[in-house]
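Asks: Dropping in data33.csv, with CSV, C-alpha atoms and all ligand atoms.
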chain,number,residue,atom,x,y,z
M,1,MET,CA,0.0,0.0,0.0
M,2,ARG,CA,1.4,3.4,-0.9
M,3,THR,CA,1.8,6.0,1.8
M,4,TRP,CA,2.4,9.8,1.9
M,5,ILE,CA,4.2,11.9,4.4
M,6,GLY,CA,2.5,15.1,5.7
M,7,LEU,CA,4.7,17.8,7.2
M,8,ASP,CA,3.1,20.6,9.2
M,9,ILE,CA,5.4,23.5,9.9
M,10,GLY,CA,3.8,25.7,12.5
M,11,GLY,CA,5.1,28.7,14.5
M,12,THR,CA,5.8,26.6,17.6
M,13,THR,CA,5.8,22.9,16.5
M,14,VAL,CA,6.8,20.9,13.5
M,15,LYS,CA,4.8,17.7,13.0
M,16,ALA,CA,5.3,14.9,10.5
M,17,GLY,CA,3.1,11.9,9.8
M,18,ARG,CA,3.0,9.0,7.4
M,19,VAL,CA,-0.5,8.2,6.2
M,20,ASN,CA,-1.8,5.2,4.2
M,21,GLU,CA,-4.4,5.2,1.4
M,22,ALA,CA,-7.1,4.6,4.0
M,23,GLY,CA,-6.3,7.9,5.6
M,24,GLU,CA,-4.8,6.3,8.7
M,25,ILE,CA,-1.7,7.9,10.3
M,26,VAL,CA,0.7,4.9,10.6
M,27,ALA,CA,3.7,6.9,12.0
M,28,ARG,CA,4.0,10.3,13.5
M,29,ALA,CA,6.6,12.5,15.2
M,30,GLU,CA,6.8,16.1,16.3
M,31,LYS,CA,9.4,18.5,17.7
M,32,ALA,CA,9.6,22.2,18.7
M,33,ALA,CA,10.2,24.6,15.8
M,34,PRO,CA,13.6,26.4,16.2
M,35,GLU,CA,13.7,30.0,14.9
M,36,GLU,CA,17.1,29.7,13.2
M,37,LEU,CA,17.0,28.3,9.6
M,38,GLY,CA,19.7,25.6,9.8
M,39,ALA,CA,18.2,24.2,13.0
M,40,LEU,CA,14.7,24.3,11.6
M,41,VAL,CA,15.7,22.6,8.4
M,42,SER,CA,17.5,19.8,10.3
M,43,VAL,CA,14.4,19.3,12.6
M,44,CYS,CA,12.2,19.0,9.5
M,45,ARG,CA,14.5,16.6,7.8
M,46,SER,CA,15.0,14.4,10.8
M,47,LEU,CA,11.2,14.2,11.3
M,48,VAL,CA,10.7,13.3,7.6
M,49,ASP,CA,13.5,10.7,7.8
M,50,GLY,CA,12.0,9.4,11.0
M,51,VAL,CA,8.6,8.4,9.5
M,52,TRP,CA,10.0,7.6,6.0
M,53,ASP,CA,9.9,4.1,4.5
M,54,ASP,CA,9.9,2.6,1.0
M,55,SER,CA,6.2,2.9,0.5
M,56,VAL,CA,6.3,6.7,0.5
M,57,ALA,CA,4.9,8.1,-2.8
M,58,GLY,CA,5.4,11.8,-1.9
M,59,VAL,CA,5.6,14.5,0.7
M,60,GLY,CA,3.0,17.2,1.3
M,61,ILE,CA,3.9,20.2,3.3
M,62,GLY,CA,1.7,22.7,5.0
M,63,CYS,CA,3.5,25.8,6.1
M,64,ARG,CA,2.6,29.2,7.7
M,65,GLY,CA,3.0,32.2,5.5
M,66,ILE,CA,2.8,32.9,1.8
M,67,ILE,CA,3.7,29.8,-0.2
M,68,ASP,CA,4.4,29.7,-4.0
M,69,VAL,CA,2.6,26.5,-4.8
M,70,GLU,CA,4.2,26.2,-8.3
M,71,LYS,CA,7.7,26.7,-7.1
M,72,VAL,CA,7.2,24.9,-3.8
M,73,ARG,CA,8.8,27.8,-2.1
M,74,VAL,CA,8.1,30.1,0.9
M,75,VAL,CA,7.7,33.7,-0.4
M,76,VAL,CA,7.2,35.3,3.0
M,77,SER,CA,6.7,33.9,6.5
M,78,ASN,CA,6.2,36.3,9.4
M,79,GLY,CA,6.9,35.8,13.1
M,80,ARG,CA,8.9,32.9,14.3
M,81,LEU,CA,9.2,31.3,10.8
M,82,ARG,CA,10.7,34.5,9.3
M,83,CYS,CA,13.9,32.5,8.7
M,84,LEU,CA,12.1,30.6,5.9
M,85,ASP,CA,11.6,33.6,3.6
M,86,GLY,CA,12.6,32.5,0.1
M,87,PHE,CA,13.3,28.9,1.2
M,88,SER,CA,12.7,26.0,-1.2
M,89,LEU,CA,10.6,23.5,0.7
M,90,ALA,CA,11.5,20.7,-1.6
M,91,GLU,CA,14.9,20.6,0.3
M,92,LEU,CA,13.1,19.2,3.3
M,93,ALA,CA,12.4,15.9,1.6
M,94,PRO,CA,15.0,13.3,0.4
M,95,SER,CA,16.3,14.2,-3.1
M,96,GLY,CA,14.1,12.9,-5.9
M,97,ALA,CA,11.0,12.7,-3.7
M,98,ARG,CA,7.8,14.3,-5.0
M,99,VAL,CA,6.9,17.3,-2.9
M,100,ALA,CA,3.8,19.6,-2.8
M,101,ALA,CA,3.3,22.5,-0.5
M,102,ASP,CA,0.7,25.1,0.4
M,103,ASN,CA,-0.1,27.5,3.2
M,104,ASP,CA,-1.2,25.5,6.2
M,105,ALA,CA,-4.7,26.9,6.4
M,106,ARG,CA,-5.3,26.1,2.8
M,107,ALA,CA,-4.0,22.6,3.2
M,108,ALA,CA,-6.5,22.2,6.0
M,109,ALA,CA,-9.3,23.6,3.9
M,110,ALA,CA,-8.4,21.3,1.1
M,111,GLY,CA,-8.7,18.3,3.4
M,112,GLU,CA,-12.1,19.6,4.7
M,113,MET,CA,-13.4,20.1,1.2
M,114,VAL,CA,-12.5,16.6,0.1
M,115,TRP,CA,-13.0,14.5,3.2
M,116,GLY,CA,-14.4,16.7,6.0
M,117,ALA,CA,-17.0,19.3,7.0
M,118,ALA,CA,-17.2,21.0,3.6
M,119,LYS,CA,-17.4,17.8,1.6
M,120,GLY,CA,-19.5,18.2,-1.5
M,121,MET,CA,-19.7,22.0,-1.1
M,122,ARG,CA,-18.5,24.7,-3.5
M,123,ASP,CA,-18.2,27.7,-1.1
M,124,ALA,CA,-16.6,27.5,2.3
M,125,VAL,CA,-14.4,29.6,4.6
M,126,MET,CA,-11.9,28.0,6.9
M,127,LEU,CA,-10.3,29.7,9.9
M,128,THR,CA,-7.4,28.2,11.9
M,129,ILE,CA,-7.2,29.9,15.3
M,130,GLY,CA,-4.1,29.1,17.4
M,131,THR,CA,-1.2,31.5,18.2
M,132,GLY,CA,-2.4,33.5,15.2
M,133,VAL,CA,-5.3,33.4,12.9
M,134,GLY,CA,-5.0,31.6,9.5
M,135,GLY,CA,-7.6,31.5,6.8
M,136,ALA,CA,-8.6,29.9,3.5
M,137,ILE,CA,-11.4,30.6,1.1
M,138,ILE,CA,-13.0,28.2,-1.3
M,139,ALA,CA,-15.1,30.0,-3.8
M,140,ASP,CA,-17.1,28.4,-6.6
M,141,GLY,CA,-15.3,25.1,-6.0
M,142,ARG,CA,-11.8,26.5,-6.2
M,143,MET,CA,-9.2,27.5,-3.6
M,144,VAL,CA,-8.6,31.2,-3.7
M,145,ARG,CA,-4.9,31.9,-3.8
M,146,GLY,CA,-4.8,35.5,-5.1
M,147,SER,CA,-2.4,37.1,-7.7
M,148,ALA,CA,0.7,36.3,-5.6
M,149,TRP,CA,-0.3,33.4,-3.4
M,150,ALA,CA,-1.3,35.6,-0.4
M,151,ALA,CA,-5.1,35.4,-0.4
M,152,GLY,CA,-6.8,34.1,2.7
M,153,HIS,CA,-4.8,35.8,5.4
M,154,LEU,CA,-8.0,36.6,7.1
M,155,GLY,CA,-6.3,37.1,10.5
M,156,HIS,CA,-5.1,40.4,9.2
M,157,LEU,CA,-8.4,42.0,8.5
M,158,ASN,CA,-8.7,45.1,10.5
M,159,LEU,CA,-10.7,45.4,13.8
M,160,ASP,CA,-9.2,48.7,15.0
M,161,PRO,CA,-7.1,51.0,12.9
M,162,ASN,CA,-5.4,52.3,16.1
M,163,GLY,CA,-5.0,48.9,17.7
M,164,PRO,CA,-1.8,47.1,18.8
M,165,MET,CA,1.0,46.6,16.2
M,166,CYS,CA,0.7,43.2,14.5
M,167,VAL,CA,3.4,40.9,13.1
M,168,CYS,CA,2.3,41.9,9.6
M,169,GLY,CA,3.3,45.5,10.2
M,170,ALA,CA,-0.3,46.9,10.4
M,171,ARG,CA,-2.2,47.8,13.5
M,172,GLY,CA,-5.3,46.3,15.1
M,173,CYS,CA,-5.6,43.1,13.0
M,174,VAL,CA,-8.1,40.4,14.0
M,175,GLU,CA,-5.5,38.0,15.2
M,176,ASN,CA,-4.5,40.5,17.9
M,177,TYR,CA,-8.0,40.2,19.4
M,178,VAL,CA,-9.1,36.7,18.4
M,179,SER,CA,-6.4,34.1,19.0
M,180,ALA,CA,-4.9,32.0,21.8
M,181,ARG,CA,-2.3,34.7,22.2
M,182,ALA,CA,-4.9,37.4,22.7
M,183,ILE,CA,-6.8,35.3,25.3
M,184,GLU,CA,-3.6,34.6,27.2
M,185,GLY,CA,-2.6,38.3,27.0
M,186,GLU,CA,-5.9,39.3,28.6
M,187,ALA,CA,-5.7,36.6,31.2
M,188,TRP,CA,-2.1,37.6,32.1
M,189,ALA,CA,-3.1,41.3,32.4
M,190,ALA,CA,-6.1,40.4,34.6
M,191,VAL,CA,-3.9,38.4,37.0
M,192,HIS,CA,-1.2,41.0,37.1
M,193,ARG,CA,-3.7,43.8,38.0
M,194,GLY,CA,-4.9,41.8,40.9
M,195,VAL,CA,-8.3,40.7,39.7
M,196,ASN,CA,-10.0,38.1,41.9
M,197,THR,CA,-9.8,35.0,39.7
M,198,ILE,CA,-8.8,31.4,39.9
M,199,LEU,CA,-6.6,32.1,36.9
M,200,SER,CA,-4.0,33.5,39.3
M,201,THR,CA,-3.4,30.0,40.7
M,202,ARG,CA,-4.4,27.8,37.7
M,203,GLY,CA,-2.4,29.6,35.0
M,204,THR,CA,-3.2,31.8,32.0
M,205,ASP,CA,-2.8,29.5,29.0
M,206,CYS,CA,-5.7,29.4,26.6
M,207,ALA,CA,-7.0,25.9,27.5
M,208,THR,CA,-7.0,26.9,31.2
M,209,VAL,CA,-8.9,30.1,30.6
M,210,SER,CA,-11.5,28.1,28.7
M,211,ALA,CA,-11.7,25.5,31.4
M,212,CYS,CA,-12.0,28.1,34.2
M,213,ALA,CA,-14.7,29.9,32.2
M,214,GLY,CA,-16.6,26.6,32.1
M,215,GLU,CA,-16.2,26.4,35.9
M,216,GLY,CA,-17.9,29.7,36.4
M,217,ASP,CA,-14.9,32.0,37.0
M,218,GLU,CA,-16.2,35.5,36.2
M,219,CYS,CA,-12.9,36.9,34.9
M,220,ALA,CA,-12.2,33.9,32.6
M,221,ALA,CA,-15.8,33.9,31.4
M,222,GLY,CA,-15.5,37.6,30.6
M,223,ILE,CA,-12.4,37.0,28.5
M,224,VAL,CA,-14.0,34.1,26.6
M,225,ASN,CA,-17.3,35.9,26.0
M,226,ARG,CA,-15.5,39.0,24.6
M,227,MET,CA,-13.5,36.7,22.3
M,228,ILE,CA,-16.6,34.9,21.1
M,229,GLU,CA,-18.3,38.3,20.4
M,230,ARG,CA,-15.4,39.5,18.4
M,231,LEU,CA,-15.1,36.2,16.6
M,232,GLY,CA,-18.8,36.3,15.9
M,233,GLY,CA,-18.5,39.8,14.4
M,234,PHE,CA,-15.5,38.7,12.3
M,235,ILE,CA,-17.2,35.6,11.0
M,236,GLY,CA,-20.4,37.5,10.3
M,237,GLY,CA,-18.4,39.9,8.1
M,238,LEU,CA,-16.8,36.9,6.2
M,239,ILE,CA,-20.2,35.5,5.6
M,240,PHE,CA,-21.3,38.8,4.0
M,241,ALA,CA,-18.2,38.9,1.9
M,242,PHE,CA,-18.1,35.3,0.6
M,243,ASP,CA,-21.6,33.8,1.2
M,244,PRO,CA,-20.2,30.4,2.2
M,245,GLU,CA,-22.3,27.3,2.8
M,246,ILE,CA,-20.2,26.6,5.9
M,247,VAL,CA,-17.6,28.2,8.1
M,248,ILE,CA,-15.0,25.8,9.6
M,249,VAL,CA,-13.1,26.9,12.7
M,250,GLY,CA,-10.0,24.8,13.6
M,251,GLY,CA,-6.8,25.3,15.5
M,252,SER,CA,-6.1,25.0,19.2
M,253,VAL,CA,-8.9,27.5,20.2
M,254,SER,CA,-11.5,25.1,18.6
M,255,LEU,CA,-10.6,22.5,21.2
M,256,ALA,CA,-12.9,24.4,23.6
M,257,GLY,CA,-15.7,22.5,21.8
M,258,ASP,CA,-19.3,23.3,22.6
M,259,ARG,CA,-18.2,26.0,25.0
M,260,LEU,CA,-17.1,27.9,22.0
M,261,PHE,CA,-19.3,26.7,19.1
M,262,VAL,CA,-22.7,26.9,20.8
M,263,PRO,CA,-22.5,30.6,21.7
M,264,LEU,CA,-20.5,31.4,18.6
M,265,GLN,CA,-23.2,29.9,16.3
M,266,LYS,CA,-25.9,31.8,18.2
M,267,ASP,CA,-23.9,35.1,17.8
M,268,VAL,CA,-23.2,34.5,14.1
M,269,THR,CA,-26.7,33.5,13.3
M,270,ALA,CA,-28.1,36.6,15.0
M,271,ARG,CA,-25.8,38.8,12.9
M,272,THR,CA,-26.5,37.1,9.5
M,273,GLU,CA,-29.9,35.4,9.5
M,274,PRO,CA,-32.0,38.5,9.1
M,275,PHE,CA,-30.2,39.3,5.8
M,276,PHE,CA,-29.5,35.8,4.5
M,277,ARG,CA,-32.7,34.2,5.7
M,278,ARG,CA,-30.8,31.1,6.6
M,279,LYS,CA,-28.4,29.8,9.3
M,280,VAL,CA,-24.8,29.4,8.1
M,281,PRO,CA,-23.3,26.6,10.1
M,282,VAL,CA,-20.1,27.4,12.0
M,283,VAL,CA,-18.4,24.0,12.8
M,284,ARG,CA,-15.2,22.4,13.9
M,285,PRO,CA,-13.0,20.5,11.3
M,286,GLY,CA,-14.2,17.1,10.2
M,287,VAL,CA,-10.9,15.5,9.4
M,288,GLY,CA,-7.6,15.1,11.3
M,289,ASP,CA,-7.0,15.9,14.9
M,290,ALA,CA,-7.4,19.5,15.8
M,291,THR,CA,-3.8,19.6,17.0
M,292,GLY,CA,-2.2,19.2,13.6
M,293,ILE,CA,-2.6,19.0,9.9
M,294,ILE,CA,-0.6,15.9,9.3
M,295,ALA,CA,-3.6,14.3,7.6
M,296,TYR,CA,-4.4,17.5,5.7
M,297,SER,CA,-0.9,17.8,4.3
M,298,HIS,CA,-1.0,14.2,3.3
M,299,ARG,CA,-4.3,14.5,1.7
M,300,THR,CA,-3.3,17.6,-0.1
M,301,MET,CA,-0.4,15.6,-1.4
M,302,SER,CA,-2.6,12.8,-2.5
M,303,LEU,CA,-4.5,15.4,-4.6
M,304,LYS,CA,-1.3,16.5,-6.1
M,305,ASP,CA,-0.5,12.9,-6.9
M,306,GLY,CA,-3.6,13.0,-9.1
M,307,SER,CA,-5.0,9.6,-8.4
M,308,ARG,CA,-8.1,10.7,-6.7
M,309,LEU,CA,-9.2,14.2,-7.7
M,310,GLY,CA,-6.8,15.5,-10.2
M,311,SER,CA,-6.1,19.1,-10.3
M,312,PHE,CA,-9.2,20.2,-8.4
M,313,LEU,CA,-7.1,22.1,-5.8
M,314,PHE,CA,-3.8,22.5,-7.5
M,401,ZN,ZN,-1.7,41.8,10.9
Could you quickly redo this structure as structure tokens?

Replies:
Amino acid sequence: MRTWIGLDIGGTTVKAGRVNEAGEIVARAEKAAPEELGALVSVCRSLVDGVWDDSVAGVGIGCRGIIDVEKVRVVVSNGRLRCLDGFSLAELAPSGARVAADNDARAAAAGEMVWGAAKGMRDAVMLTIGTGVGGAIIADGRMVRGSAWAAGHLGHLNLDPNGPMCVCGARGCVENYVSARAIEGEAWAAVHRGVNTILSTRGTDCATVSACAGEGDECAAGIVNRMIERLGGFIGGLIFAFDPEIVIVGGSVSLAGDRLFVPLQKDVTARTEPFFRRKVPVVRPGVGDATGIIAYSHRTMSLKDGSRLGSFLF
């Protein structure tokens, strides 16, 4: 049975997995992502080598930033992956191996469109909300990549023109208000100004804030509710712009489950139903585990391989 390797290069972690034709992950490994190019490349290569075997038909890479799909090259990557600017991603695989690459959120959206929550649909919006906010748009059955591969960076839509400086160089982008980092920043600030909250003993990472909100902590609930309101407004705007059949929200923030999706759906529906006269579903991803895009990268590669769906996404 042929297998493919998926490599997910994120801002904090690099993950590799080998996946068979049935879509099962048969080997996986992950390591922290170094910020220096040489170290990052050797981490990626060692992960690929670690899951490699003779059945591998190709390597699919999902990477943060602007990815030139034709040249399999990083055009620009901000933040911790800045060292990858201009880097040829094919170098991460053994020489001679077939390699495909795309922006990580688009790789995730491709997987959702073929195997997941957007299966059979022609218009969908995907958000990946973790440290930052990634996005992908599928319009009229095609992935929107833009004139220079940069389309879909939805986390840099503006919420406040005078807001905090963003990694992209602009001010007040969505990802400064709606992301794991934003939640953790608010929690940290609350603890350090002496607010009476269990966060001061439990910690301020995103999952803890979500758990404490579920336990009724007023401060944590306030942070989560503000985040849901902003996210609802943001998604409502995306629905007006793209009229999707579905909005998929993945990434570490989506691990909050119903605590996030029930109030979020209510908020989005209230904002959009009067105009659209229908409820646009806001759902979690249907494929892969929410912690990585191993399967998505693999599945993107299997599209590139041509055996299943040809050039639908490439
Ligand atoms: Zn920005």

Asks: Quick one: everything within 6 Å of M:Ile61, counting only C-alpha atoms, minus sequence neighbours fewer than 3 positions away in the same chain. Send it as a PyMOL selection string.

Replies: chain M and resi 6-8+101+297

Asks: To one decimal in Å, tell me the separation between atom CA of M:Cys168 and atom ZN of ligand ZN 401 (chain M).

Replies: 4.2 Å

Asks: Of the candidates M:Gly163, M:Gly222, M:Gly236, M:Gly86, which one gets nearest to ligand ZN 401 (chain M) if we count all atoms listed in the file?

Replies: M:Gly163

Asks: Stretch 227-231 of chain M: which residues within 8 Å, counting all atoms listed in the file, same-chain residues fewer than 5 positions away excluded, as a ChimeraX atom specification?

Replies: /M:177-178,183,260,263-264,267

Asks: Which one of M:Pro244, M:Gly257, M:Gly172, M:Pro34 sits closest to ligand ZN 401 (chain M) if you count all atoms listed in the file?

Replies: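 When distances to ligand ZN 401 (chain M) are compared using all atoms listed in the file, the smallest one comes from M:Gly172.
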
Asks: Which of these, M:Thr197, M:Ser252, M:Ser95, M:Ser46, has the shortest distance to M:Gly134 once you count all atoms listed in the file?

Replies: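 Checking each of M:Thr197, M:Ser252, M:Ser95, M:Ser46 against M:Gly134, counting all atoms listed in the file, the winner is M:Ser252.
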